[in-house]
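Working notes for the structure below.
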Amino acid sequence: MKKDKPLTDRRHFLRAGALAAAGAVAAAAGGLAAESPSESNGKIRYGMVVDVRKCVGCKACAVACKAENHTPPGVAYNIVKEQEIGTYPDVRRRFIFRPCMQCSTPSCTKVCPTKATHIREDGIVAIDYDRCIGCRYCISACPYGVRAFDYGHDYHQQRTPFEMQPSPEYGQNRKRKPRQSPVGNVRKCTFCVHRVKKNLAPACAVTCIGNAIHFGNLNDPDGRCWVHGEKLRTLLSAHNCIRLREELGNNPAVYYLI
Amino acid sequence: MKDKSILASSASRSIGYILLIVATAAGLWFMADKFISGPIHEGTTQHVTWGIWVSGYIFFLGLSAGSFLISTLIYVFGVKRLEEAGPASLVQALGCLILGGILIVLDAGHPERMYMVLLHFNPTSVMAYMGLFYNVYIAILVVEIYFALRPRIIEKIQSGDRPAWLYRTLSLGSRRLDPESLQRDKKWLMVLGILGIPAAIIVHGGVGTIFAVAKARPSWLGGLFPILFIVSALTSGGALLTFLTAAFSRLPDERKLPLVRSLAHLTIAVLLIDALIMFADSLTTAYSAIPLPSATEGLVLFGPYWWLFWIVEVGLGIVVPIAIVVLPQTRNRNGWLGFLGLSVVIAMLAARFTLVIPPQITPLFPESLGAYDHFRYAYGYSPSVMDLMVFVGVVAIGMWIMLLAGKYLPLEVASHGSATEGDAQS
C-alpha cells in the first residue's frame, strides 16, 4: 500500500465537520486494508460479500459513503433496507445493505443511449458524467434501484467548507457547481473506485462496525477481503449465499451470506 | 360549434387569445427555468423518474405517428374518402412531433448534450434507435409536407396572397404547376409515405419498446407494449384529426360532414382494438397477483388513479365515443363527432399517464421506503409547478402552431375556400 495516498484521504475526512466522525473511522480502517488483490487468473472482478447476519443496521456504511463521495441530499449510493419480521415477542429486524451490484451483464449499460454508463476492465460499472445526457433510462432499467438522479440539491444554502471540497469520485475531483455535471446526471455507487485505485477498500466496507462487508477480487481463487482478510471463496462456500434477483440474469458481484 | 369555425366568435376569441398568451408566457418562463436552474424544480423522484413530461412526449409522439399513418392511407393507399384531410394530417404530425420534442429535450438532465446519442450511438439501446429514427422521421415529414403543399403555395404566390415572403420561402423557388410536376409531387408523396410508414412505426413502436424491455419494471415488460403504442397512436391521431376537422375546417358542409364521419369511424375502429389490448394487459396482470405488477394495476384500477382510468379512459375514451357513433341523435352531427375526437384525445393523454407513472410508484423493493429520508425517495409522484406549467406551455405552443398553420398554410385540397385545419391538440 502506498503511504502518501491514505494521508490525503485522511486529510479529507478531518475537514469533514459533522460527518468527520464516520469519515475518520473509514479512513483509519482503510489503513488496515489487508492486502491488495493478486491477479492470478488475469482479469479482476471486484465484488462484495455481505454477511447480513452481522449487520446491526447502524447505517454507518451509508454515512461513510456520503462523506467519501460527497453525495448531495436525495442521492444515496448505498442504503440499508430494513424489514421487521414477526410480532412481539417473536420479532426481529432484518437489514440488507444495498450498494450497486456491479453486474457483469447489467441492464443499465445495455439501455444507455450514449454508452455513458459502461463496464470497466475490473468489472466496476462506471458513468462518464460528461457523456450522460440525464435521460434516466438506466434508472428505469436497473432492477436493484441503485441509481439516483442528481437534481442539484445541496445540504445548506451557504455551503460548508466540507461541501465545497471536490468529490473524489472516479479520481476526477469535481467541484460541485450549479447545473454542471454530475448535477443533471445519473449517479451510482462506484465501489469507491478512486480508493480502490489506491489499494484502499470502499468506504462502506472499512467503516462497517459489524465487519459485515467484505470486499475483494472475486476472480482470484485466493482472493481475500481487503478489510478483514478472510478468503472470499471460503466465505461463499462455507455459508448459504444468495444474490438479489438472480433470476433476472444480471450476474451481480454482490453476494449475501444469510 | 355548428358547422362554422369556432374561431368565428369574436368575444370568445379575445378571451381565448388572452388565456393562450398567458399560458405561453408562463410555459416559456418555466422552460427557461429548466435551463437556468437545472432539474431542481422537477417533481420527479428517484422511483418515479419519468413524470408528466415523458407521458406527454409519448402522447404527442403517438399523435404524430397516428396522424402520419392516416396520411399514408391517402397518399400511399389512395383512400379517396379521406383525401381532404391529407395536408392537415401531415402538418398535424409535424406539429405534434415538435411538441413531443420540446418535452423530451427538457426532460433530459443535460439537454445540451443530446447530440451525444448520435455521436456515441449505443447499438444495444432502444432509446438510441428512437433518437436516430426521430430525426429520420422528422426529415421525411418536412419533405413530404413540402410536396403536399407545393402546388397550393405556388397558387398563393400567383394570386398575390400575403405574406408573400412566407410563400416564396416555403416554395423553395419552385414555380411549376404543369401536370408533369404535379405528377412528380404525387410520386414523391407516395415514396416518402412508404418510407415514412416504417419510420413512424419504428419511432413510436420504438418508444413502446423502450418500456417493454425495461426488465426492472414488470408492468412495462413484455411484447404487448410496442403494439399497444402503435394502435394507441392511430387512435389518438385519428381522434385529433376528427376534432380539428370538425372544429376548424371551413370546408362546405356537404363535404365536411362525410369527412368528419369517416375520420370518426376510423377512430372508433382502432379505439376498439386499443381498448381490447389495454384491458387484456390490465386484467391479466391484476389477476396474476404477482406483487409488483399487480400493485401497479391496483393503483390504476382501484387506487388513487381510479378516476383517470374509469372516468377519463373508460368513460370519456370508450363509452362516450361509442355512444356518439351509435345514437341516431348524435351520429350525423358535426359538433358531436368533433367532441368524440376531443374526448378520445383527452382519454389517450390520461392513458399515457397511467401507463408511465403508476408502474414506477411501487418501489422495486418495498423495504427501500424509509431507508433514506428525502422527498426524492418518497412514495408516489405529484407533478411540480414546473412540470405542470411546462406542459401547459407546450400545449399552448401547439395551439399557436395550429392557429398559424390554419391561417397561413393552404391545407385545403380543392382550391376553393380558404385555409382549414391546423395541427396539435387543445
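For the C-alpha cells, the naming scheme is as follows: chains receive sequential letters (A, B, ...) according to their order of presentation, residues are indexed from 1 within each chain, and ligands are indexed from 1 in presentation order.
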* Please provide as an MDAnalysis selection string all residues within 12 Å of B:Ser368, with the sequence filter that same-chain residues fewer than 3 positions apart are discarded (counting only C-alpha atoms). => (chainID A and resid 76 78:83 95:98 144:146) or (chainID B and resid 46:47 362:365 371:373 377:379)
* Among the residues of stretch 161-213 of chain A, find those DSSP assigns to alpha helix (DSSP H) from the backbone and print them as a list in words. =>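 The alpha helix (DSSP H) residues within stretch 161-213 of chain A come out as Pro161, Phe162, Glu163, Met164, Val193, His194, Arg195, Val196, Ala203, Cys204, Ala205, Val206 and Thr207 of chain A.
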Could you save the residues just selected, with N, CA and C atoms, as a PDB file, in the first residue's frame?
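So selection33.pdb came out as:
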ATOM      1  N   PRO A 161     -17.453  24.305   4.485  1.00  0.00           N
ATOM      2  CA  PRO A 161     -16.153  24.007   3.855  1.00  0.00           C
ATOM      3  C   PRO A 161     -16.101  22.578   3.334  1.00  0.00           C
ATOM      4  N   PHE A 162     -16.745  21.650   4.058  1.00  0.00           N
ATOM      5  CA  PHE A 162     -16.735  20.261   3.594  1.00  0.00           C
ATOM      6  C   PHE A 162     -17.447  20.134   2.253  1.00  0.00           C
ATOM      7  N   GLU A 163     -18.593  20.819   2.158  1.00  0.00           N
ATOM      8  CA  GLU A 163     -19.364  20.707   0.915  1.00  0.00           C
ATOM      9  C   GLU A 163     -18.632  21.343  -0.262  1.00  0.00           C
ATOM     10  N   MET A 164     -17.733  22.244   0.034  1.00  0.00           N
ATOM     11  CA  MET A 164     -17.002  22.897  -1.052  1.00  0.00           C
ATOM     12  C   MET A 164     -15.823  22.054  -1.545  1.00  0.00           C
ATOM     13  N   VAL A 193     -14.192   3.604  -6.536  1.00  0.00           N
ATOM     14  CA  VAL A 193     -13.143   3.223  -7.469  1.00  0.00           C
ATOM     15  C   VAL A 193     -11.887   4.081  -7.291  1.00  0.00           C
ATOM     16  N   HIS A 194     -12.067   5.308  -6.816  1.00  0.00           N
ATOM     17  CA  HIS A 194     -10.900   6.174  -6.577  1.00  0.00           C
ATOM     18  C   HIS A 194     -10.065   5.658  -5.410  1.00  0.00           C
ATOM     19  N   ARG A 195     -10.709   5.013  -4.454  1.00  0.00           N
ATOM     20  CA  ARG A 195      -9.971   4.410  -3.328  1.00  0.00           C
ATOM     21  C   ARG A 195      -9.336   3.093  -3.770  1.00  0.00           C
ATOM     22  N   VAL A 196     -10.126   2.324  -4.520  1.00  0.00           N
ATOM     23  CA  VAL A 196      -9.637   1.017  -4.967  1.00  0.00           C
ATOM     24  C   VAL A 196      -8.349   1.186  -5.773  1.00  0.00           C
ATOM     25  N   ALA A 203     -15.326   2.811   1.127  1.00  0.00           N
ATOM     26  CA  ALA A 203     -15.559   3.435   2.434  1.00  0.00           C
ATOM     27  C   ALA A 203     -16.555   2.644   3.272  1.00  0.00           C
ATOM     28  N   CYS A 204     -17.596   2.087   2.636  1.00  0.00           N
ATOM     29  CA  CYS A 204     -18.605   1.355   3.398  1.00  0.00           C
ATOM     30  C   CYS A 204     -18.003   0.121   4.055  1.00  0.00           C
ATOM     31  N   ALA A 205     -17.113  -0.568   3.312  1.00  0.00           N
ATOM     32  CA  ALA A 205     -16.541  -1.805   3.833  1.00  0.00           C
ATOM     33  C   ALA A 205     -15.633  -1.524   5.020  1.00  0.00           C
ATOM     34  N   VAL A 206     -14.826  -0.466   4.925  1.00  0.00           N
ATOM     35  CA  VAL A 206     -13.886  -0.205   6.018  1.00  0.00           C
ATOM     36  C   VAL A 206     -14.577   0.383   7.240  1.00  0.00           C
ATOM     37  N   THR A 207     -15.746   0.955   7.046  1.00  0.00           N
ATOM     38  CA  THR A 207     -16.392   1.614   8.184  1.00  0.00           C
ATOM     39  C   THR A 207     -17.363   0.694   8.906  1.00  0.00           C
TER      40      THR A 207
END
* Residue hits in chain A, query chain B, radius 8 Å, only C-alpha atoms, as number ranges by chain -> A: 73-74, 76, 79-83, 107, 110-115, 131-136, 139-145, 147-149, 151-153, 178-179, 183-185, 248
Those selected residues, please, written with N, CA and C atoms and delivered as a CSV table (one decimal), in the first residue's frame.
chain,number,residue,atom,x,y,z
A,73,PRO,N,-28.0,15.8,-1.0
A,73,PRO,CA,-29.2,15.2,-0.5
A,73,PRO,C,-30.1,14.7,-1.6
A,74,GLY,N,-30.7,13.6,-1.4
A,74,GLY,CA,-31.6,13.0,-2.4
A,74,GLY,C,-30.8,12.0,-3.3
A,76,ALA,N,-28.4,8.7,-2.9
A,76,ALA,CA,-27.8,7.7,-2.0
A,76,ALA,C,-27.2,6.6,-2.8
A,79,ILE,N,-27.9,2.1,0.5
A,79,ILE,CA,-28.9,2.3,1.6
A,79,ILE,C,-28.9,1.0,2.3
A,80,VAL,N,-29.5,1.0,3.5
A,80,VAL,CA,-29.7,-0.2,4.3
A,80,VAL,C,-31.2,-0.4,4.4
A,81,LYS,N,-31.7,-1.4,3.8
A,81,LYS,CA,-33.1,-1.7,3.8
A,81,LYS,C,-33.4,-2.4,5.1
A,82,GLU,N,-34.6,-2.1,5.6
A,82,GLU,CA,-35.0,-2.7,6.9
A,82,GLU,C,-36.3,-3.4,6.8
A,83,GLN,N,-36.4,-4.5,7.4
A,83,GLN,CA,-37.6,-5.2,7.4
A,83,GLN,C,-37.9,-5.8,8.8
A,107,SER,N,-28.2,-4.3,-16.8
A,107,SER,CA,-29.3,-3.7,-17.6
A,107,SER,C,-29.0,-2.3,-18.0
A,110,LYS,N,-26.7,-1.7,-21.1
A,110,LYS,CA,-27.4,-2.1,-22.3
A,110,LYS,C,-28.3,-1.0,-22.9
A,111,VAL,N,-29.0,-0.3,-22.0
A,111,VAL,CA,-30.0,0.7,-22.4
A,111,VAL,C,-29.5,2.1,-22.6
A,112,CYS,N,-28.3,2.4,-22.0
A,112,CYS,CA,-27.8,3.7,-22.1
A,112,CYS,C,-27.6,4.2,-23.5
A,113,PRO,N,-28.3,5.2,-24.0
A,113,PRO,CA,-28.2,5.6,-25.4
A,113,PRO,C,-26.8,6.1,-25.8
A,114,THR,N,-26.0,6.6,-24.9
A,114,THR,CA,-24.7,7.2,-25.3
A,114,THR,C,-23.5,6.4,-24.8
A,115,LYS,N,-23.7,5.2,-24.3
A,115,LYS,CA,-22.6,4.4,-23.7
A,115,LYS,C,-21.9,5.2,-22.6
A,131,ARG,N,-20.7,12.5,-20.7
A,131,ARG,CA,-21.4,12.0,-21.8
A,131,ARG,C,-22.9,11.7,-21.5
A,132,CYS,N,-23.2,11.5,-20.2
A,132,CYS,CA,-24.5,11.2,-19.7
A,132,CYS,C,-25.4,12.4,-20.0
A,133,ILE,N,-26.6,12.1,-20.7
A,133,ILE,CA,-27.5,13.2,-21.0
A,133,ILE,C,-28.6,13.3,-20.0
A,134,GLY,N,-28.6,12.4,-19.0
A,134,GLY,CA,-29.6,12.5,-17.9
A,134,GLY,C,-31.0,12.1,-18.3
A,135,CYS,N,-31.0,11.1,-19.2
A,135,CYS,CA,-32.4,10.6,-19.7
A,135,CYS,C,-33.0,9.7,-18.7
A,136,ARG,N,-32.2,9.1,-17.8
A,136,ARG,CA,-32.7,8.3,-16.7
A,136,ARG,C,-33.3,7.0,-17.1
A,139,ILE,N,-32.1,4.3,-14.8
A,139,ILE,CA,-32.8,4.1,-13.5
A,139,ILE,C,-34.0,3.2,-13.7
A,140,SER,N,-34.7,3.4,-14.8
A,140,SER,CA,-35.9,2.6,-15.1
A,140,SER,C,-35.5,1.1,-15.3
A,141,ALA,N,-34.3,0.9,-15.9
A,141,ALA,CA,-33.9,-0.4,-16.3
A,141,ALA,C,-33.2,-1.2,-15.1
A,142,CYS,N,-32.6,-0.5,-14.1
A,142,CYS,CA,-31.9,-1.2,-13.1
A,142,CYS,C,-32.9,-1.9,-12.1
A,143,PRO,N,-32.8,-3.3,-12.1
A,143,PRO,CA,-33.7,-4.0,-11.2
A,143,PRO,C,-33.4,-3.8,-9.7
A,144,TYR,N,-32.3,-3.2,-9.4
A,144,TYR,CA,-31.9,-3.1,-8.0
A,144,TYR,C,-32.2,-1.7,-7.4
A,145,GLY,N,-32.6,-0.8,-8.3
A,145,GLY,CA,-32.9,0.6,-7.8
A,145,GLY,C,-31.7,1.3,-7.2
A,147,ARG,N,-29.6,3.3,-8.7
A,147,ARG,CA,-29.2,4.6,-9.4
A,147,ARG,C,-30.0,5.8,-8.9
A,148,ALA,N,-29.4,6.9,-8.9
A,148,ALA,CA,-30.1,8.1,-8.5
A,148,ALA,C,-29.7,9.3,-9.4
A,149,PHE,N,-30.7,10.1,-9.6
A,149,PHE,CA,-30.5,11.3,-10.4
A,149,PHE,C,-30.1,12.5,-9.5
A,151,TYR,N,-30.4,16.0,-8.7
A,151,TYR,CA,-31.3,17.1,-9.1
A,151,TYR,C,-30.6,18.4,-8.8
A,152,GLY,N,-29.5,18.4,-8.1
A,152,GLY,CA,-28.8,19.6,-7.8
A,152,GLY,C,-29.1,20.2,-6.4
A,153,HIS,N,-29.6,19.4,-5.5
A,153,HIS,CA,-29.9,19.8,-4.2
A,153,HIS,C,-28.5,20.0,-3.4
A,178,PRO,N,-23.5,24.7,-9.8
A,178,PRO,CA,-24.9,24.6,-10.3
A,178,PRO,C,-24.9,24.1,-11.8
A,179,ARG,N,-25.8,23.2,-12.1
A,179,ARG,CA,-26.0,22.8,-13.5
A,179,ARG,C,-24.9,22.0,-14.1
A,183,VAL,N,-24.4,17.3,-11.5
A,183,VAL,CA,-25.8,17.7,-11.5
A,183,VAL,C,-26.4,17.5,-12.8
A,184,GLY,N,-27.6,16.9,-12.8
A,184,GLY,CA,-28.3,16.6,-14.1
A,184,GLY,C,-27.9,15.2,-14.6
A,185,ASN,N,-27.0,14.5,-13.9
A,185,ASN,CA,-26.6,13.2,-14.4
A,185,ASN,C,-27.2,12.1,-13.4
A,248,LEU,N,-33.1,-12.7,-12.9
A,248,LEU,CA,-33.1,-11.7,-14.0
A,248,LEU,C,-31.8,-11.9,-14.8
* Spatial neighbours of B:Phe243, max dist 9 Å, only C-alpha atoms, sep filter under 2 positions, as number ranges by chain -> B: 238-241, 245-248, 260, 264, 335, 337-343, 345, 425
Once you have the residues from the selection above, write them out as a PDB file, in the first residue's frame, restricted to N, CA and C atoms.
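Wrote it out as selection_1.pdb, contents follow:
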ATOM      1  N   GLY B 238     -56.119   9.741 -35.179  1.00  0.00           N
ATOM      2  CA  GLY B 238     -57.420   9.815 -35.841  1.00  0.00           C
ATOM      3  C   GLY B 238     -58.380  10.704 -35.081  1.00  0.00           C
ATOM      4  N   ALA B 239     -58.329  10.596 -33.755  1.00  0.00           N
ATOM      5  CA  ALA B 239     -59.244  11.385 -32.926  1.00  0.00           C
ATOM      6  C   ALA B 239     -58.941  12.874 -33.052  1.00  0.00           C
ATOM      7  N   LEU B 240     -57.652  13.206 -33.027  1.00  0.00           N
ATOM      8  CA  LEU B 240     -57.295  14.629 -33.115  1.00  0.00           C
ATOM      9  C   LEU B 240     -57.688  15.200 -34.480  1.00  0.00           C
ATOM     10  N   LEU B 241     -57.463  14.404 -35.510  1.00  0.00           N
ATOM     11  CA  LEU B 241     -57.826  14.855 -36.852  1.00  0.00           C
ATOM     12  C   LEU B 241     -59.348  15.041 -36.962  1.00  0.00           C
ATOM     13  N   THR B 245     -60.738  18.746 -37.660  1.00  0.00           N
ATOM     14  CA  THR B 245     -61.508  18.922 -38.888  1.00  0.00           C
ATOM     15  C   THR B 245     -62.901  19.438 -38.558  1.00  0.00           C
ATOM     16  N   ALA B 246     -63.530  18.827 -37.551  1.00  0.00           N
ATOM     17  CA  ALA B 246     -64.885  19.251 -37.181  1.00  0.00           C
ATOM     18  C   ALA B 246     -64.892  20.684 -36.669  1.00  0.00           C
ATOM     19  N   ALA B 247     -63.861  21.055 -35.906  1.00  0.00           N
ATOM     20  CA  ALA B 247     -63.887  22.360 -35.246  1.00  0.00           C
ATOM     21  C   ALA B 247     -63.381  23.478 -36.148  1.00  0.00           C
ATOM     22  N   PHE B 248     -62.362  23.216 -36.938  1.00  0.00           N
ATOM     23  CA  PHE B 248     -61.700  24.324 -37.617  1.00  0.00           C
ATOM     24  C   PHE B 248     -61.845  24.330 -39.132  1.00  0.00           C
ATOM     25  N   VAL B 260     -65.648  14.162 -41.700  1.00  0.00           N
ATOM     26  CA  VAL B 260     -65.587  14.026 -40.235  1.00  0.00           C
ATOM     27  C   VAL B 260     -66.121  12.654 -39.818  1.00  0.00           C
ATOM     28  N   ALA B 264     -64.166   9.790 -37.829  1.00  0.00           N
ATOM     29  CA  ALA B 264     -64.680   9.313 -36.536  1.00  0.00           C
ATOM     30  C   ALA B 264     -64.820   7.795 -36.555  1.00  0.00           C
ATOM     31  N   GLY B 335     -70.780  18.631 -34.734  1.00  0.00           N
ATOM     32  CA  GLY B 335     -70.343  19.044 -33.401  1.00  0.00           C
ATOM     33  C   GLY B 335     -70.087  17.844 -32.504  1.00  0.00           C
ATOM     34  N   LEU B 337     -69.506  14.729 -33.396  1.00  0.00           N
ATOM     35  CA  LEU B 337     -68.387  13.917 -33.884  1.00  0.00           C
ATOM     36  C   LEU B 337     -67.050  14.584 -33.538  1.00  0.00           C
ATOM     37  N   GLY B 338     -67.047  15.912 -33.570  1.00  0.00           N
ATOM     38  CA  GLY B 338     -65.857  16.649 -33.145  1.00  0.00           C
ATOM     39  C   GLY B 338     -65.572  16.418 -31.669  1.00  0.00           C
ATOM     40  N   PHE B 339     -66.634  16.426 -30.872  1.00  0.00           N
ATOM     41  CA  PHE B 339     -66.470  16.180 -29.438  1.00  0.00           C
ATOM     42  C   PHE B 339     -65.938  14.771 -29.194  1.00  0.00           C
ATOM     43  N   LEU B 340     -66.400  13.818 -30.013  1.00  0.00           N
ATOM     44  CA  LEU B 340     -65.882  12.453 -29.932  1.00  0.00           C
ATOM     45  C   LEU B 340     -64.355  12.472 -30.059  1.00  0.00           C
ATOM     46  N   GLY B 341     -63.874  13.204 -31.069  1.00  0.00           N
ATOM     47  CA  GLY B 341     -62.427  13.280 -31.283  1.00  0.00           C
ATOM     48  C   GLY B 341     -61.720  13.844 -30.069  1.00  0.00           C
ATOM     49  N   LEU B 342     -62.250  14.953 -29.545  1.00  0.00           N
ATOM     50  CA  LEU B 342     -61.613  15.605 -28.400  1.00  0.00           C
ATOM     51  C   LEU B 342     -61.600  14.684 -27.186  1.00  0.00           C
ATOM     52  N   SER B 343     -62.723  14.001 -26.931  1.00  0.00           N
ATOM     53  CA  SER B 343     -62.780  13.171 -25.722  1.00  0.00           C
ATOM     54  C   SER B 343     -61.828  11.984 -25.846  1.00  0.00           C
ATOM     55  N   VAL B 345     -58.985  12.067 -27.511  1.00  0.00           N
ATOM     56  CA  VAL B 345     -57.641  12.633 -27.330  1.00  0.00           C
ATOM     57  C   VAL B 345     -57.338  12.812 -25.841  1.00  0.00           C
ATOM     58  N   GLN B 425     -53.030  19.721 -30.557  1.00  0.00           N
ATOM     59  CA  GLN B 425     -54.268  19.476 -29.823  1.00  0.00           C
ATOM     60  C   GLN B 425     -54.552  20.646 -28.882  1.00  0.00           C
TER      61      GLN B 425
END
* **DSSP strand (DSSP E or B) selection over stretch 161-236 of chain A, as a ChimeraX atom specification** => /A:167,174,186-187,213-217,224,231
Go ahead and save the residues from that selection, with N, CA and C atoms, as a short mmCIF file (atom, residue, chain, number, x, y, z; two decimals), in the first residue's frame.
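Written output follows (part-v2.cif):
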data_model
loop_
_atom_site.label_atom_id
_atom_site.label_comp_id
_atom_site.auth_asym_id
_atom_site.auth_seq_id
_atom_site.Cartn_x
_atom_site.Cartn_y
_atom_site.Cartn_z
N SER A 167 -15.49 16.31 -5.01
CA SER A 167 -15.75 14.89 -4.78
C SER A 167 -14.66 14.08 -5.46
N ARG A 174 -14.18 16.62 -8.97
CA ARG A 174 -15.07 17.67 -9.47
C ARG A 174 -15.60 18.50 -8.32
N VAL A 186 -27.14 10.90 -13.92
CA VAL A 186 -27.47 9.78 -13.04
C VAL A 186 -26.18 9.38 -12.34
N ARG A 187 -26.29 9.06 -11.04
CA ARG A 187 -25.11 8.69 -10.26
C ARG A 187 -25.32 7.35 -9.59
N ILE A 213 -19.21 -6.27 5.79
CA ILE A 213 -19.00 -6.02 4.36
C ILE A 213 -17.57 -6.42 3.99
N HIS A 214 -17.48 -7.43 3.14
CA HIS A 214 -16.17 -7.89 2.68
C HIS A 214 -16.01 -7.48 1.22
N PHE A 215 -14.81 -7.02 0.90
CA PHE A 215 -14.56 -6.54 -0.46
C PHE A 215 -13.28 -7.15 -1.01
N GLY A 216 -13.28 -7.54 -2.26
CA GLY A 216 -12.05 -8.05 -2.85
C GLY A 216 -12.26 -8.49 -4.29
N ASN A 217 -11.26 -9.18 -4.80
CA ASN A 217 -11.31 -9.65 -6.19
C ASN A 217 -11.93 -11.04 -6.23
N ARG A 224 -8.67 -12.39 -1.04
CA ARG A 224 -9.09 -12.16 0.34
C ARG A 224 -9.76 -10.81 0.48
N LYS A 231 -10.74 -15.28 3.27
CA LYS A 231 -10.72 -15.69 1.87
C LYS A 231 -12.15 -15.64 1.36
#
* In Å, with one decimal, what is the gap from atom CA of B:Gly196 to atom CA of B:Ile140? ->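 Straight-line distance from atom CA of B:Gly196 to atom CA of B:Ile140 works out to 6.3 Å.
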* **Pick from B:Leu228, B:Leu327, B:Ala286, B:Leu409 nearest to B:Val270, counting only C-alpha atoms** =>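 Using only C-alpha atoms, B:Val270 sits closest to B:Leu228.
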* Give me the residues within 10 Å of stretch 27-31 of chain B as a ChimeraX atom specification, counting only C-alpha atoms and dropping any in the same chain fewer than 2 places off. => /B:21-25,33-37,41,102-103,106,385-397
* Asked: In Å to one decimal, how far is atom CA of B:Thr209 from atom CA of B:Leu195?
  ->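 If I compute the distance from atom CA of B:Leu195 to atom CA of B:Thr209, I get 20.5 Å.
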* Would you mind listing what lies within 8 Å of B:Leu141 as a list in words, with only C-alpha atoms counted and same-chain residues fewer than 2 positions away left out? =>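 My reading of the contact set: Leu90, Ala93, Leu94, Tyr137, Ile138, Ala139, Val143, Glu144, Ile145 and Gly196 of chain B.
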* Looking at A:Thr190, A:Lys175, A:Val50, A:Ile44, which one is nearest to A:His118, with distances taken over only C-alpha atoms? -> A:Thr190
